[in-house]
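Visitor: Handing you this structure, nothing more for now.
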Amino acid sequence: MSISIQGVTKRYVRRVAPGSPPSVTTALDDVDLDIEAGQFVSLLGPSGCGKTTLLRMIAGLVQIDEGRIMVGGKAVDSPRRDLCMVFQSPSLLPWRNVLDNVAFPLELDGMPKAQRHQTARQFLRLVGLDAFAEHLPHELSGGMQQRVGIARGLVRNPAVLLMDEPFGALDAQTRETLQADLLRIWDQTKCTIVFVTHSIDEALMLSDRIVVLKPRPGRINRIIGPAFRADRLHQDVRLHSAYAGEQAVLRELLREEVTA
Ligand SMILES: Nc1ncnc2c1ncn2[C@@H]1O[C@H](COP(=O)(O)OP(=O)(O)OP(=O)(O)O)[C@@H](O)[C@H]1O
């Protein structure tokens with residue numbers, strides 16, 4: 001499903017004490033962005049540039065002040081079944097086993113138990129955890145828990161997967177494995193992915209396009225389509241001749257923002 005962000009502005013208004021003048025933060029200012037169906041797009045930028053706000057607005061979780069966001073040709077004004085969000089912490093239900101955690105959204109939809117378990121097992125297989133279906137969340141590593149979170153996100157077959165630093169809390173080795181898994185899953189499911197990250201390397205490894213944002217107010221600074229995007233499913237893109245150059249460009253863009 002395509003995503004079209006048209007002239008989107010978001011202001012947060014805070015009043016420290018009743019009657020005090022409001023303090024306004026313009027988190028995003030007149031942002032335009034078009035994402036084709038099936039693309040993998042990363043949002044990259046320094047802290048406070050509005051990445052999470054933009055993602056939550058696409059998900060229908062944060063109200064848009066000006067402009068509009070169309071997903072699959074329909075304006076987003078509330079959370080939708082065909083859009084799914086995956087957070088840094090998977091927030092699994094600790095008393096439910098892995099299978100029932102993944103099946104939970106289907107239970108909310110009223111799907112009968114046998115059918116939802118069958119569907120949940122299919123997605124557990126996709127994330128490589130079918131052998132852990134009966135385990136409780138605390139019996140799994142952080143990386144495995146995040147895989148459960150991804151399986152739960154995918155179980156309703158969303159057309160759009162919105163991911164907010166999903167691997168930010170993981171060690172480097174686990175993170176790399178999950179990045180490779182995510183690319184494989186993306187290739188199999190053909191869903192559109194919008195992925196928030198602080199990591200230049202993660203953005204380069206995963207994305208068709210990297211949207212670099214700048215803060216105060218949040219705006220798009222540059223959009224980069226890595227030269228090796230067609231190869232990234234099959235080989236380590238860090239070995240590509242263009243990798244170091246693109247990494248340097250992104251580093252420079254982020255450094256400019258931090259210095260500013
Ligand atoms: N609920 C809120 N109320 C007030 N201000 C907010 C709220 N949420 C975000 N902001 C402000 O909006 C701006 C953008 O925040 P946002 O979390 O979208 O940025 P971010 O790029 O995701 O940051 P980070 O990388 O640190 O997670 C920041 O200045 C933040 O302080």
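We label chains A, B, ... in the order they appear in the structure tokens, count residues from 1 in each chain, and number ligands from 1 in the order shown.
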Taking only C-alpha atoms into account, produce a table as JSON lines in which each residue of range 60-110 of chain A with an atom at most 12 Å from an atom of range 180-196 of chain A appears once, together with its shortest atom pair and the distance in Å to one decimal, ordered by chain and rising number.
Guide:
```
{"residue": "A:Val71", "atom": "CA", "partner": "A:Thr192", "partner_atom": "CA", "distance": 10.4}
{"residue": "A:Gly72", "atom": "CA", "partner": "A:Thr192", "partner_atom": "CA", "distance": 10.6}
{"residue": "A:Asp82", "atom": "CA", "partner": "A:Cys191", "partner_atom": "CA", "distance": 10.2}
{"residue": "A:Leu83", "atom": "CA", "partner": "A:Thr192", "partner_atom": "CA", "distance": 9.6}
{"residue": "A:Cys84", "atom": "CA", "partner": "A:Ile193", "partner_atom": "CA", "distance": 9.8}
{"residue": "A:Met85", "atom": "CA", "partner": "A:Val194", "partner_atom": "CA", "distance": 9.5}
{"residue": "A:Val86", "atom": "CA", "partner": "A:Phe195", "partner_atom": "CA", "distance": 9.4}
{"residue": "A:Phe87", "atom": "CA", "partner": "A:Val196", "partner_atom": "CA", "distance": 9.8}
{"residue": "A:Gln88", "atom": "CA", "partner": "A:Val196", "partner_atom": "CA", "distance": 10.0}
```
Visitor: I need the residues of range 6-115 of chain A that end up classed as strand (DSSP E or B) by DSSP on the backbone, written out as a ChimeraX atom specification.
Guide: /A:6-14,23-35,40-44,66-71,74-75,83-86
Visitor: Enumerate residues in contact with ligand 1: an atom-to-atom distance of at most 12 Å, counting only C-alpha atoms and all ligand atoms. Format the result as an MDAnalysis selection string.
Guide: chainID A and resid 9:16 22:29 43:57 61:63 87:88 163:166 168 195:199 211:220
Visitor: With distances taken over only C-alpha atoms, which of A:Ala248, A:Ala227, A:Leu154, A:Met144 is nearest to Asp201 in chain A?
Guide: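 Residue with the minimum atom-to-atom distance to Asp201 in chain A: A:Ala248.
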Visitor: Just the residues within 9 Å of Gly7 in chain A, please, counting only C-alpha atoms, with nothing from its chain fewer than 3 positions along; format it as a PyMOL selection string.
Guide: chain A and resi 29-33+66-69
Visitor: Using backbone DSSP assignments, extract all alpha helix (DSSP H) residues from range 10-242 of chain A; output them as a PyMOL selection string.
Guide: chain A and resi 51-58+98-108+113-126+142-154+172-189+200-206
Visitor: Work out how far apart CA of Ile223 in chain A and CA of Ala244 in chain A are and give it in Å to one decimal.
Guide: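 According to the coordinates, CA of Ile223 in chain A and CA of Ala244 in chain A are separated by 17.2 Å.
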Visitor: Excluding same-chain residues fewer than 5 positions from range 100-114 of chain A, what lies within 8 Å of it counting only C-alpha atoms, as a CSV table (one decimal) with C-alpha atoms, in the first residue's frame?
Guide:
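Once everything was written out, this is out_28.csv:
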```
chain,number,residue,atom,x,y,z
A,92,LEU,CA,4.4,-9.1,25.4
A,93,LEU,CA,1.7,-10.4,27.8
A,119,THR,CA,-2.3,-18.6,11.6
A,120,ALA,CA,0.0,-17.6,14.6
A,124,LEU,CA,6.1,-18.0,14.3
A,148,VAL,CA,7.6,-12.5,18.8
A,149,GLY,CA,6.6,-8.8,18.6
A,151,ALA,CA,5.2,-12.0,14.4
A,152,ARG,CA,2.4,-10.5,16.4
A,153,GLY,CA,2.6,-7.4,14.2
A,155,VAL,CA,-0.3,-11.8,12.1
A,156,ARG,CA,-3.1,-9.7,10.6
```
